[in-house]
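Enquirer: This is run15.txt (compact mmCIF, C-alpha atoms).
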# COMPACT_ATOMS: atom_id res chain seq x y z
CA MET A 6 224.67 178.72 107.60
CA SER A 7 222.27 181.25 109.08
CA PRO A 8 220.70 180.50 112.44
CA ARG A 9 217.09 179.28 112.45
CA THR A 10 214.47 181.80 113.37
CA ARG A 11 211.72 181.21 115.91
CA SER A 12 209.27 180.91 113.02
CA ASP A 13 211.41 178.20 111.40
CA GLN A 14 211.55 176.31 114.67
CA ALA A 15 207.79 176.56 114.99
CA VAL A 16 207.13 175.21 111.51
CA ALA A 17 209.83 172.53 111.50
CA PRO A 18 207.88 169.95 113.56
CA HIS A 19 205.14 169.93 110.90
CA GLY A 20 207.14 167.72 108.57
CA TRP A 21 206.23 164.67 106.53
CA VAL A 22 207.67 162.29 109.10
CA GLN A 23 205.39 163.65 111.80
CA ALA A 24 202.42 163.48 109.42
CA ALA A 25 203.26 159.87 108.56
CA VAL A 26 203.49 158.94 112.24
CA THR A 27 200.10 160.54 112.86
CA VAL A 28 198.38 158.72 109.98
CA LEU A 29 200.02 155.35 110.63
CA SER A 30 199.26 155.51 114.33
CA ALA A 31 195.60 156.19 113.60
CA LEU A 32 195.41 153.33 111.11
CA LEU A 33 197.06 150.91 113.53
CA VAL A 34 194.72 151.85 116.37
CA MET A 35 191.64 151.67 114.15
CA GLY A 36 192.74 148.40 112.60
CA ALA A 37 193.49 146.84 115.98
CA THR A 38 190.16 147.99 117.41
CA ALA A 39 188.25 146.67 114.41
CA ALA A 40 190.16 143.38 114.36
CA LEU A 41 189.60 142.68 118.06
CA GLY A 42 185.93 143.59 117.79
CA LEU A 43 185.39 141.42 114.73
CA TRP A 44 187.29 138.57 116.37
CA ALA A 45 184.98 138.80 119.37
CA ALA A 46 182.01 138.82 116.98
CA GLY A 47 183.22 135.60 115.34
CA ALA A 48 184.39 137.05 112.03
CA THR A 49 187.56 134.94 112.07
CA ASP A 50 185.38 132.02 110.93
CA LEU A 51 184.61 133.69 107.60
CA PRO A 52 185.71 131.55 104.63
CA ASN A 53 188.38 132.23 102.04
CA GLY A 54 190.65 134.14 104.42
CA ALA A 55 188.26 137.07 104.36
CA PHE A 56 188.99 138.36 107.86
CA PRO A 57 191.68 140.96 106.90
CA ARG A 58 189.45 142.28 104.13
CA VAL A 59 186.51 142.60 106.49
CA VAL A 60 188.75 144.50 108.91
CA ALA A 61 189.74 146.85 106.08
CA ALA A 62 186.07 147.33 105.17
CA THR A 63 185.23 148.11 108.79
CA VAL A 64 187.90 150.80 108.93
CA VAL A 65 186.65 152.23 105.63
CA THR A 66 183.09 152.56 106.94
CA ALA A 67 184.39 154.00 110.23
CA VAL A 68 185.75 157.06 108.41
CA GLY A 69 182.66 157.60 106.28
CA GLY A 70 183.63 155.40 103.37
CA THR A 71 181.06 153.49 101.32
CA ILE A 72 180.96 149.70 101.05
CA GLU A 73 178.70 148.36 98.32
CA LEU A 74 177.19 144.89 98.67
CA SER A 75 176.50 142.76 95.61
CA GLY A 76 174.98 139.39 94.90
CA ASN A 77 174.84 136.84 92.09
CA ALA A 78 172.84 133.63 91.99
CA GLY A 79 172.53 132.93 88.31
CA GLY A 80 169.72 133.66 85.88
CA LEU A 81 166.97 131.95 87.91
CA ALA A 82 167.67 133.69 91.20
CA ASP A 83 168.16 137.12 92.60
CA THR A 84 170.07 138.36 95.61
CA GLN A 85 169.79 141.81 97.16
CA ALA A 86 171.72 143.35 100.02
CA GLY A 87 172.54 146.75 101.44
CA LEU A 88 174.25 148.06 104.55
CA THR A 89 174.68 151.52 106.05
CA VAL A 90 176.21 151.56 109.51
CA ILE A 91 179.23 153.27 111.06
CA PRO A 92 181.21 151.37 113.75
CA LEU A 93 181.66 154.41 115.96
CA SER A 94 184.05 152.73 118.41
CA VAL A 95 186.56 152.43 115.56
CA THR A 96 185.73 155.96 114.42
CA LEU A 97 186.31 157.41 117.88
CA ALA A 98 189.62 155.59 118.35
CA GLY A 99 190.98 156.92 115.07
CA ALA A 100 189.70 160.45 115.67
CA LEU A 101 191.39 160.68 119.08
CA VAL A 102 194.74 159.50 117.72
CA ILE A 103 194.69 161.79 114.69
CA ALA A 104 193.64 164.77 116.79
CA ALA A 105 196.44 164.15 119.29
CA GLY A 106 199.03 163.76 116.52
CA PHE A 107 197.82 166.87 114.73
CA LEU A 108 197.85 169.04 117.85
CA ARG A 109 201.15 167.87 119.30
CA PRO A 110 203.45 170.12 117.19
CA LEU A 111 201.12 173.09 117.81
CA ARG A 112 201.03 173.00 121.59
CA HIS A 113 202.35 175.86 123.75
CA ARG A 114 201.60 178.49 121.12
CA ALA A 115 198.94 181.17 121.07
CA VAL A 116 198.77 182.11 117.38
CA ALA A 117 199.55 180.38 114.09
CA SER A 118 199.01 181.68 110.60
CA ALA A 119 196.33 180.19 108.38
CA THR A 120 199.04 179.23 105.88
CA GLU A 121 200.97 177.29 108.51
CA LEU A 122 197.92 175.40 109.73
CA ALA A 123 196.79 174.66 106.18
CA GLY A 124 200.23 173.35 105.24
CA TRP A 125 200.36 171.04 108.26
CA ALA A 126 196.84 169.79 107.61
CA ALA A 127 197.64 169.25 103.91
CA ARG A 128 200.56 166.95 104.77
CA VAL A 129 198.32 164.84 106.93
CA ALA A 130 195.58 164.86 104.27
CA VAL A 131 197.87 163.69 101.46
CA LEU A 132 199.09 160.71 103.46
CA TRP A 133 195.58 160.00 104.68
CA LEU A 134 194.36 159.95 101.09
CA LEU A 135 197.01 157.37 100.16
CA ALA A 136 196.00 155.27 103.16
CA LEU A 137 192.34 155.42 102.10
CA ILE A 138 193.24 154.22 98.61
CA ALA A 139 195.13 151.25 100.06
CA LEU A 140 192.24 150.38 102.38
CA ALA A 141 189.70 150.70 99.58
CA LEU A 142 191.67 148.34 97.36
CA GLY A 143 191.88 145.78 100.16
CA ALA A 144 188.25 145.95 101.22
CA ARG A 145 186.63 143.59 98.73
CA GLN A 146 185.54 139.95 99.00
CA THR A 147 182.98 137.44 97.65
CA PHE A 148 181.28 134.68 99.65
CA THR A 149 179.22 131.66 98.66
CA LEU A 150 176.01 131.26 100.68
CA SER A 151 174.58 128.01 101.96
CA LEU A 152 170.83 127.64 101.40
CA GLY A 153 170.42 125.33 104.38
CA ASP A 154 167.54 122.89 104.75
CA SER A 155 164.64 124.65 103.07
CA ALA A 156 162.52 124.75 99.95
CA LEU A 157 165.05 127.18 98.50
CA SER A 158 167.76 124.57 98.99
CA ASP A 159 165.77 122.03 96.95
CA LEU A 160 165.18 124.61 94.20
CA GLY A 161 168.84 125.52 94.26
CA ASP A 162 169.88 121.91 93.81
CA LEU A 163 167.33 121.45 91.02
CA PHE A 164 168.38 124.48 89.00
CA GLY A 165 172.04 124.61 89.96
CA VAL A 166 171.72 127.90 91.84
CA THR A 167 174.76 128.89 93.90
CA PRO A 168 174.11 132.26 95.55
CA LYS A 169 177.07 134.52 96.13
CA VAL A 170 177.35 137.81 97.95
CA GLY A 171 180.26 140.16 98.17
CA PHE A 172 181.36 143.64 99.02
CA GLU A 173 183.67 146.21 97.54
CA THR A 174 184.53 149.83 98.18
CA ASN A 175 183.06 152.70 96.23
CA MET A 176 186.40 154.43 95.71
CA PRO A 177 185.29 157.99 94.78
CA LEU A 178 182.78 158.28 97.61
CA THR A 179 185.22 156.75 100.09
CA LEU A 180 187.93 159.25 99.21
CA LEU A 181 185.48 162.15 99.35
CA PHE A 182 183.88 161.27 102.67
CA GLY A 183 187.17 160.08 104.14
CA LEU A 184 188.73 163.48 103.49
CA LEU A 185 185.65 165.25 104.84
CA TRP A 186 185.90 163.10 107.97
CA LEU A 187 189.56 164.04 108.38
CA ALA A 188 188.78 167.73 107.90
CA GLY A 189 186.07 167.52 110.54
CA VAL A 190 188.40 165.81 113.02
CA LEU A 191 191.18 168.38 112.51
CA ALA A 192 188.77 171.32 112.76
CA LEU A 193 187.20 169.94 115.92
CA ALA A 194 190.64 169.33 117.42
CA LEU A 195 191.53 172.99 116.91
CA LEU A 196 188.20 174.07 118.39
CA VAL A 197 188.42 171.88 121.48
CA SER A 198 192.05 172.33 122.51
CA ARG A 199 192.69 175.43 124.59
CA GLY A 200 196.43 175.20 123.86
CA ALA A 201 196.13 174.95 120.07
CA PRO A 202 196.91 178.16 118.16
CA LEU A 203 194.45 179.87 115.86
CA PRO A 204 194.95 182.45 113.12
CA GLY A 205 194.76 185.97 114.52
CA ARG A 206 191.49 186.83 112.79
CA LEU A 207 189.74 183.87 114.48
CA LEU A 208 190.89 184.60 118.02
CA ARG A 209 187.81 186.70 118.75
CA PHE A 210 185.61 183.60 118.33
CA GLN A 211 187.47 181.33 120.71
CA ALA A 212 185.80 182.67 123.87
CA SER A 213 182.36 181.60 122.63
CA VAL A 214 183.15 178.53 120.52
CA ARG A 215 185.97 176.68 122.26
CA PRO A 216 184.39 176.20 125.71
CA ALA A 217 181.15 174.92 124.20
CA ALA A 218 182.95 172.55 121.80
CA TYR A 219 185.11 171.25 124.64
CA ALA A 220 182.06 170.67 126.83
CA MET A 221 180.33 168.63 124.12
CA VAL A 222 183.39 166.44 123.57
CA VAL A 223 183.63 165.88 127.34
CA LEU A 224 179.93 164.97 127.40
CA LEU A 225 180.26 162.42 124.60
CA LEU A 226 183.38 160.87 126.10
CA ALA A 227 181.70 160.71 129.51
CA TYR A 228 178.92 158.63 127.98
CA VAL A 229 181.48 156.32 126.38
CA VAL A 230 183.32 155.86 129.68
CA LEU A 231 180.02 155.18 131.44
CA GLY A 232 179.15 152.65 128.75
CA VAL A 233 182.49 150.89 129.16
CA VAL A 234 181.97 150.62 132.92
CA ILE A 235 178.44 149.25 132.52
CA GLY A 236 179.58 146.85 129.79
CA LEU A 237 182.37 145.45 131.94
CA ILE A 238 180.00 145.02 134.88
CA VAL A 239 177.52 143.19 132.65
CA ALA A 240 180.29 140.98 131.25
CA VAL A 241 181.45 140.01 134.74
CA THR A 242 178.05 139.51 136.37
CA ARG A 243 175.95 138.10 133.52
CA GLY A 244 178.46 136.37 131.29
CA HIS A 245 178.63 136.76 127.50
CA ALA A 246 182.00 138.45 127.92
CA VAL A 247 183.07 137.90 124.30
CA GLU A 248 179.84 139.29 122.87
CA THR A 249 180.07 142.29 125.20
CA LEU A 250 183.65 142.89 124.06
CA ALA A 251 182.46 142.93 120.45
CA VAL A 252 179.90 145.61 121.25
CA LEU A 253 182.45 147.70 123.18
CA LEU A 254 185.02 147.58 120.38
CA LEU A 255 182.67 148.09 117.44
CA GLY A 256 179.51 149.93 118.42
CA LEU A 257 179.62 151.31 121.96
CA PRO A 258 179.19 154.99 120.93
CA ASN A 259 176.32 153.93 118.63
CA LEU A 260 174.54 152.65 121.73
CA VAL A 261 175.42 155.20 124.41
CA TRP A 262 174.95 158.25 122.19
CA LEU A 263 171.59 156.84 121.10
CA THR A 264 170.60 156.63 124.79
CA LEU A 265 171.74 160.24 125.23
CA THR A 266 169.21 161.38 122.64
CA LEU A 267 166.50 159.13 124.11
CA GLY A 268 167.08 160.67 127.53
CA LEU A 269 166.53 164.10 125.98
CA GLY A 270 163.13 162.91 124.74
CA ALA A 271 164.04 162.15 121.13
CA THR A 272 162.15 159.55 119.12
CA TRP A 273 163.66 156.98 116.78
CA ASN A 274 161.78 154.74 114.37
CA GLY A 275 162.96 151.30 113.45
CA ARG A 276 162.29 147.73 112.48
CA VAL A 277 164.07 144.42 112.98
CA GLU A 278 163.08 141.38 110.92
CA GLY A 279 164.79 138.07 110.47
CA PRO A 280 168.03 137.04 112.21
CA PHE A 281 169.36 140.58 112.50
CA GLY A 282 170.17 141.67 116.02
CA LEU A 283 171.16 144.99 117.53
CA PRO A 284 174.20 145.55 119.78
CA MET A 285 172.04 146.97 122.56
CA PRO A 286 170.01 145.87 125.58
CA HIS A 287 167.32 143.30 124.94
CA VAL A 288 164.51 145.76 125.68
CA LEU A 289 165.42 147.89 122.65
CA ASP A 290 165.46 144.86 120.38
CA GLU A 291 162.04 143.82 121.75
CA VAL A 292 160.50 147.19 120.96
CA LEU A 293 161.89 147.22 117.42
CA ARG A 294 160.49 143.74 116.74
CA SER A 295 157.05 144.59 118.12
CA GLN A 296 155.57 145.93 114.85
CA ASP A 297 156.38 146.73 111.23
CA THR A 298 157.70 150.19 112.08
CA ALA A 299 158.22 150.61 115.80
CA THR A 300 158.56 153.87 117.72
CA LEU A 301 161.52 153.98 120.06
CA ASN A 302 161.35 156.56 122.84
CA LEU A 303 161.11 156.74 126.62
CA SER A 304 157.38 155.97 126.65
CA THR A 305 157.55 152.86 124.49
CA LEU A 306 160.64 151.58 126.31
CA ALA A 307 159.00 152.17 129.71
CA GLU A 308 156.25 149.72 128.73
CA TYR A 309 158.91 146.99 128.82
CA ASP A 310 161.20 148.33 131.54
CA GLY A 311 160.38 151.31 133.75
CA ARG A 312 164.03 151.85 134.62
CA VAL A 313 164.55 153.68 131.32
CA TRP A 314 163.28 156.86 132.99
CA TRP A 315 166.65 156.99 134.76
CA LEU A 316 168.06 158.08 131.39
CA VAL A 317 166.47 161.48 131.97
CA ALA A 318 168.28 161.85 135.30
CA VAL A 319 171.61 160.73 133.80
CA ASP A 320 171.23 163.23 130.96
CA ALA A 321 170.37 166.02 133.40
CA VAL A 322 173.38 165.37 135.64
CA LEU A 323 175.91 164.99 132.84
CA LEU A 324 174.56 167.97 130.89
CA LEU A 325 174.73 170.16 133.95
CA ALA A 326 178.31 169.03 134.51
CA ALA A 327 179.14 169.83 130.87
CA ALA A 328 177.52 173.25 131.23
CA PHE A 329 179.57 173.94 134.33
CA VAL A 330 182.77 172.95 132.50
CA MET A 331 181.86 175.23 129.59
CA ALA A 332 181.14 178.17 131.85
CA ALA A 333 184.29 177.60 133.92
CA ARG A 334 186.41 177.75 130.76
CA SER A 335 184.70 180.90 129.48
CA PRO A 336 185.69 184.50 130.25
CA ALA A 337 184.24 185.92 133.47
CA ARG A 338 182.43 188.66 131.53
CA MET A 339 180.16 186.05 129.94
CA ARG A 340 176.60 186.25 131.27
CA ALA A 341 174.38 183.28 132.13
CA TRP A 342 172.06 183.86 129.16
CA GLN A 343 175.07 183.80 126.84
CA HIS A 344 176.14 180.46 128.28
CA ALA A 345 172.59 179.24 127.66
CA LEU A 346 172.71 180.26 123.99
CA HIS A 347 176.16 178.79 123.45
CA LEU A 348 175.23 175.42 124.96
CA ALA A 349 171.90 175.36 123.12
CA VAL A 350 173.65 175.71 119.76
CA ALA A 351 176.40 173.26 120.72
CA LEU A 352 174.02 170.58 121.99
CA ALA A 353 171.70 170.97 118.99
CA LEU A 354 174.66 170.42 116.65
CA THR A 355 175.82 167.47 118.75
CA VAL A 356 172.40 165.81 118.60
CA LEU A 357 172.26 166.45 114.85
CA THR A 358 175.63 164.74 114.43
CA ILE A 359 174.55 161.75 116.53
CA CYS A 360 171.36 161.37 114.52
CA LEU A 361 173.29 161.39 111.25
CA LEU A 362 175.99 158.99 112.42
CA ALA A 363 174.02 156.48 114.49
CA ARG A 364 171.29 155.65 111.97
CA ILE A 365 171.35 152.10 110.59
CA THR A 366 169.90 150.47 107.50
CA ALA A 367 170.60 146.88 106.52
CA HIS A 368 168.80 144.31 104.44
CA TYR A 369 169.49 141.17 102.50
CA GLY A 370 167.40 138.59 100.69
CA LEU A 371 167.45 135.72 98.24
CA SER A 372 164.67 134.61 95.92
CA VAL A 373 164.61 131.68 93.50
CA LEU A 374 161.93 131.82 90.77
CA GLY A 375 160.31 134.57 92.80
CA ILE A 376 160.28 132.49 96.01
CA GLY A 377 162.35 133.65 98.90
CA ASP A 378 160.74 136.50 100.81
CA LEU A 379 159.60 133.98 103.38
CA GLY A 380 161.60 135.11 106.39
CA GLY A 381 164.12 132.82 107.97
CA ASP A 382 167.86 132.99 107.73
CA LEU A 383 167.95 134.06 104.08
CA ASN A 384 166.02 137.29 104.44
CA GLY A 385 166.26 140.09 106.96
CA GLU A 386 165.93 143.81 107.46
CA LEU A 387 167.13 146.24 110.07
CA LEU A 388 166.23 149.93 110.21
CA LEU A 389 166.91 152.59 112.82
CA LYS A 390 166.48 156.27 112.06
CA PRO A 391 165.63 159.35 114.14
CA GLU A 392 162.90 161.94 113.95
CA LEU A 393 165.65 164.41 113.21
CA TRP A 394 164.37 167.92 113.75
CA SER A 395 162.37 167.19 116.88
CA ALA A 396 165.53 165.65 118.38
CA VAL A 397 167.57 168.72 117.44
CA GLY A 398 164.94 171.02 118.92
CA LEU A 399 164.90 169.08 122.19
CA GLY A 400 168.69 169.31 122.29
CA ALA A 401 168.52 173.09 121.91
CA LEU A 402 165.90 173.33 124.69
CA TRP A 403 167.93 171.20 127.10
CA GLY A 404 171.01 173.24 126.20
CA LEU A 405 169.29 176.52 127.06
CA VAL A 406 168.29 175.31 130.52
CA ALA A 407 171.53 173.51 131.33
CA GLY A 408 173.68 176.35 129.97
CA PHE A 409 171.89 178.93 132.10
CA LEU A 410 172.18 176.84 135.27
CA GLY A 411 175.80 175.98 134.51
CA GLY A 412 176.61 179.65 134.10
CA LEU A 413 175.14 180.41 137.53
CA LEU A 414 177.00 177.53 139.19
CA ALA A 415 180.32 178.59 137.68
CA ARG A 416 180.15 182.24 138.80
CA PRO A 417 182.20 181.65 141.98
CA VAL A 418 184.86 179.78 139.99
CA ARG A 419 186.35 182.60 137.98
CA ARG A 420 189.17 182.04 135.62
CA ARG A 421 192.51 183.11 134.27
CA GLY A 422 192.87 186.35 136.17
CA GLU A 423 189.52 187.77 135.07
CA THR A 424 187.19 189.29 137.62
CA LEU A 425 183.50 190.08 137.81
CA PRO A 426 182.40 193.69 137.27
CA SER A 427 183.29 195.80 140.30
CA ASP A 428 180.26 198.08 139.96
CA GLY A 429 177.90 195.48 141.40
CA THR A 430 176.10 194.77 138.14
CA SER A 431 174.59 191.32 137.74
CA ALA A 432 176.21 188.69 135.55
CA LEU A 433 172.79 187.61 134.35
Mind converting the file's structure to structure tokens?
Expert:
Amino acid sequence: MSPRTRSDQAVAPHGWVQAAVTVLSALLVMGATAALGLWAAGATDLPNGAFPRVVAATVVTAVGGTIELSGNAGGLADTQAGLTVIPLSVTLAGALVIAAGFLRPLRHRAVASATELAGWAARVAVLWLLALIALALGARQTFTLSLGDSALSDLGDLFGVTPKVGFETNMPLTLLFGLLWLAGVLALALLVSRGAPLPGRLLRFQASVRPAAYAMVVLLLAYVVLGVVIGLIVAVTRGHAVETLAVLLLGLPNLVWLTLTLGLGATWNGRVEGPFGLPMPHVLDEVLRSQDTATLNLSTLAEYDGRVWWLVAVDAVLLLAAAFVMAARSPARMRAWQHALHLAVALALTVLTICLLARITAHYGLSVLGIGDLGGDLNGELLLKPELWSAVGLGALWGLVAGFLGGLLARPVRRRGETLPSDGTSAL
């Protein structure tokens, strides 16, 4: 038997067992996070043993999958429902585990061929696809609704109407978006990790792309950590610990990344009608219930609570810290204006991603003989969407300023054996 070469040893850890461990670990973490969050939200009381199926549906939506709602109330009634929301706490937990598992066999290496990286990613993708199919098959359930004490209840008894609602997975879209989600996570992992190898032809881009990508991930995680701290303080000092736990485990990034964009000056439009509630401070819910389509920004929030202006200061401090981290990880030859451009692009893309992921639409309703759009517990609507391009533009502007200042602050902290020009030229 011939001895194994260094190349063989490098490729050997990328086997099917390691891919299976990566995928299963991610599923377990996502499932546990979703289950604990749904338990805290009271989902264990759902009838017909639906809790495991709701957990599966939550994991499906967390990776970009599509859950379709349906209703049936007989020939004399009509039910309508729709839901578009991503539980980003579950998404983040799975992304961190998959990224760590994907990068582990690649650490301590400078270069890897495109074929090697593609082969390792393909193993993970095949097993991930099988996992998505299993989740999609399990994420389906039907419930019978109670009409309560209302005119609709009397009509229902008279005409024998028994409204039912249910959900099931759109398999093709779930597989498509689930694979796109995985590809995005793996690509971002390679971009962020300084120790992960890249194909030789891409090495020239790492000096400009990797520090900026790393800084944005640090920024987003910093907001999540800050949100966890604030949530725990609120749970201890104001009670509602179980409800706070549900928010932390299901939608914390939805909330804190929304506040990041608000602090930048972005505007969101929304509406809350009926019993829907938002997993966010009461002031936000008040603004969204104030009119048919409410405007959510620093000005409108300040009318209810002037402390929201502190969001600008928090954004400024954390962005400057992220800019410093980016500049400190960049080559010393990089000038301050280059740092500004890099952070402007990175922050604009980050804000774009937040705006696409954090938007929410939800509605449901029941009508019997045309009666039913009367408000109350049987009808509701929730909408939250950004003014996209103005938010992206504000992100780019903040990135320019913070990147330039971060580049100046990081000049004395030079890196990895590189030195400033010895001819006295400015780094600006």
Enquirer: So that I can see what lies close to stretch 198-208 of chain A, please list as a ChimeraX atom specification the residues with an atom at most 12 Å from it, counting all atoms listed in the file and leaving out residues fewer than 3 positions away in the same chain.
Expert: /A:15,104-105,107-123,191-195,211-220,222-223,331,334-335
Enquirer: Just want the 10 Å neighbourhood of stretch 173-183 of chain A, counted on only C-alpha atoms, with same-chain residues fewer than 2 positions away dropped. Output as an MDAnalysis selection string.
Expert: chainID A and resid 58 61:62 65:75 130 133:138 140:147 171 185:189
Enquirer: Near A:Thr38, within 12 Å and counting only C-alpha atoms, which residues show up once chain neighbours fewer than 2 positions away are dropped, as a VMD selection string?
Expert: chain A and resid 31 to 36 40 to 45 60 to 61 63 to 64 67 92 to 99 250 to 257
Enquirer: What does the distance from atom CA of A:Ala127 to atom CA of A:Ile103 come to in Å, to one decimal?
Expert: 13.4 Å
Enquirer: One decimal, in Å: what's the spacing between atom CA of A:Val330 and atom CA of A:Thr266?
Expert: 20.4 Å
Enquirer: Determine, counting only C-alpha atoms, which protein, DNA and RNA residues have an atom within 9 Å of an atom of A:Leu263; residues of the same chain fewer than 6 positions away are not included. Present the result as a PyMOL selection string.
Expert: chain A and resi 359-360+363
Enquirer: Enter the distance from atom CA of A:Trp273 to atom CA of A:Ala227, in Å, rounded to one decimal.
Expert: 22.4 Å
Enquirer: Residues within 6 Å of A:Leu405, please, as a short mmCIF file (atom, residue, chain, number, x, y, z; two decimals) with C-alpha atoms, in the coordinates of the input. Count all atoms listed in the file; anything in the same chain fewer than 6 positions from it doesn't count.
Expert:
data_model
loop_
_atom_site.label_atom_id
_atom_site.label_comp_id
_atom_site.auth_asym_id
_atom_site.auth_seq_id
_atom_site.Cartn_x
_atom_site.Cartn_y
_atom_site.Cartn_z
CA ALA A 345 172.59 179.24 127.66
CA LEU A 346 172.71 180.26 123.99
CA ALA A 349 171.90 175.36 123.12
#
Enquirer: Please work out which residues fall within 12 Å of (156.9, 146.3, 120.7), coordinates as given in the file, with all atoms listed in the file counting, and return them as an NGL selection string.
Expert: :A and (274-277 or 287-302 or 304-310)
Enquirer: A:Ala396, A:Leu357, A:Leu316, A:Ala332: which is nearest A:Leu414, counting only C-alpha atoms?
Expert: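 For A:Leu414, the nearest of the candidates is A:Ala332.
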Enquirer: Which is closer to A:Ala351 than all the others in A:Ala367, A:Leu224, A:Val241, A:Val233, using only C-alpha atoms?
Expert: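 Among the listed residues, A:Leu224 lies closest to A:Ala351.
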Enquirer: To box stretch 56-75 of chain A, take all atoms listed in the file, fit an axis-aligned box, add 8 Å on each side, and give centre and edge lengths in Å to one decimal, as lines of an AutoDock Vina configuration file.
Expert:
center_x = 184.1
center_y = 148.0
center_z = 102.9
size_x = 31.2
size_y = 35.2
size_z = 30.6
Enquirer: Could I see stretch 349-365 of chain A restored to N, CA and C atoms, set down as a PDB file, in the coordinates of the input?
Expert:
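And here is the file that came out, part-v1.pdb:
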ATOM      1  N   ALA A 349     173.042 175.766 123.943  1.00  0.00           N
ATOM      2  CA  ALA A 349     171.900 175.360 123.120  1.00  0.00           C
ATOM      3  C   ALA A 349     172.349 175.050 121.689  1.00  0.00           C
ATOM      4  N   VAL A 350     173.151 175.934 121.124  1.00  0.00           N
ATOM      5  CA  VAL A 350     173.650 175.710 119.760  1.00  0.00           C
ATOM      6  C   VAL A 350     174.550 174.484 119.720  1.00  0.00           C
ATOM      7  N   ALA A 351     175.456 174.375 120.707  1.00  0.00           N
ATOM      8  CA  ALA A 351     176.400 173.260 120.720  1.00  0.00           C
ATOM      9  C   ALA A 351     175.694 171.925 120.865  1.00  0.00           C
ATOM     10  N   LEU A 352     174.712 171.849 121.777  1.00  0.00           N
ATOM     11  CA  LEU A 352     174.020 170.580 121.990  1.00  0.00           C
ATOM     12  C   LEU A 352     173.124 170.236 120.798  1.00  0.00           C
ATOM     13  N   ALA A 353     172.506 171.237 120.188  1.00  0.00           N
ATOM     14  CA  ALA A 353     171.700 170.970 118.990  1.00  0.00           C
ATOM     15  C   ALA A 353     172.564 170.392 117.877  1.00  0.00           C
ATOM     16  N   LEU A 354     173.746 170.952 117.665  1.00  0.00           N
ATOM     17  CA  LEU A 354     174.660 170.420 116.650  1.00  0.00           C
ATOM     18  C   LEU A 354     175.150 169.030 117.010  1.00  0.00           C
ATOM     19  N   THR A 355     175.379 168.789 118.301  1.00  0.00           N
ATOM     20  CA  THR A 355     175.820 167.470 118.750  1.00  0.00           C
ATOM     21  C   THR A 355     174.749 166.420 118.500  1.00  0.00           C
ATOM     22  N   VAL A 356     173.507 166.739 118.838  1.00  0.00           N
ATOM     23  CA  VAL A 356     172.400 165.810 118.600  1.00  0.00           C
ATOM     24  C   VAL A 356     172.219 165.566 117.108  1.00  0.00           C
ATOM     25  N   LEU A 357     172.347 166.615 116.297  1.00  0.00           N
ATOM     26  CA  LEU A 357     172.260 166.450 114.850  1.00  0.00           C
ATOM     27  C   LEU A 357     173.321 165.483 114.343  1.00  0.00           C
ATOM     28  N   THR A 358     174.543 165.632 114.842  1.00  0.00           N
ATOM     29  CA  THR A 358     175.630 164.740 114.430  1.00  0.00           C
ATOM     30  C   THR A 358     175.348 163.303 114.832  1.00  0.00           C
ATOM     31  N   ILE A 359     174.870 163.108 116.071  1.00  0.00           N
ATOM     32  CA  ILE A 359     174.550 161.750 116.530  1.00  0.00           C
ATOM     33  C   ILE A 359     173.481 161.136 115.642  1.00  0.00           C
ATOM     34  N   CYS A 360     172.450 161.895 115.336  1.00  0.00           N
ATOM     35  CA  CYS A 360     171.360 161.370 114.520  1.00  0.00           C
ATOM     36  C   CYS A 360     171.830 160.981 113.121  1.00  0.00           C
ATOM     37  N   LEU A 361     172.778 161.711 112.581  1.00  0.00           N
ATOM     38  CA  LEU A 361     173.290 161.390 111.250  1.00  0.00           C
ATOM     39  C   LEU A 361     174.229 160.197 111.267  1.00  0.00           C
ATOM     40  N   LEU A 362     174.995 160.044 112.357  1.00  0.00           N
ATOM     41  CA  LEU A 362     175.990 158.990 112.420  1.00  0.00           C
ATOM     42  C   LEU A 362     175.459 157.661 112.937  1.00  0.00           C
ATOM     43  N   ALA A 363     174.464 157.692 113.813  1.00  0.00           N
ATOM     44  CA  ALA A 363     174.020 156.480 114.490  1.00  0.00           C
ATOM     45  C   ALA A 363     172.874 155.763 113.772  1.00  0.00           C
ATOM     46  N   ARG A 364     172.369 156.317 112.692  1.00  0.00           N
ATOM     47  CA  ARG A 364     171.290 155.650 111.970  1.00  0.00           C
ATOM     48  C   ARG A 364     171.823 154.387 111.298  1.00  0.00           C
ATOM     49  N   ILE A 365     170.950 153.394 111.138  1.00  0.00           N
ATOM     50  CA  ILE A 365     171.350 152.100 110.590  1.00  0.00           C
ATOM     51  C   ILE A 365     170.309 151.656 109.572  1.00  0.00           C
TER      52      ILE A 365
END
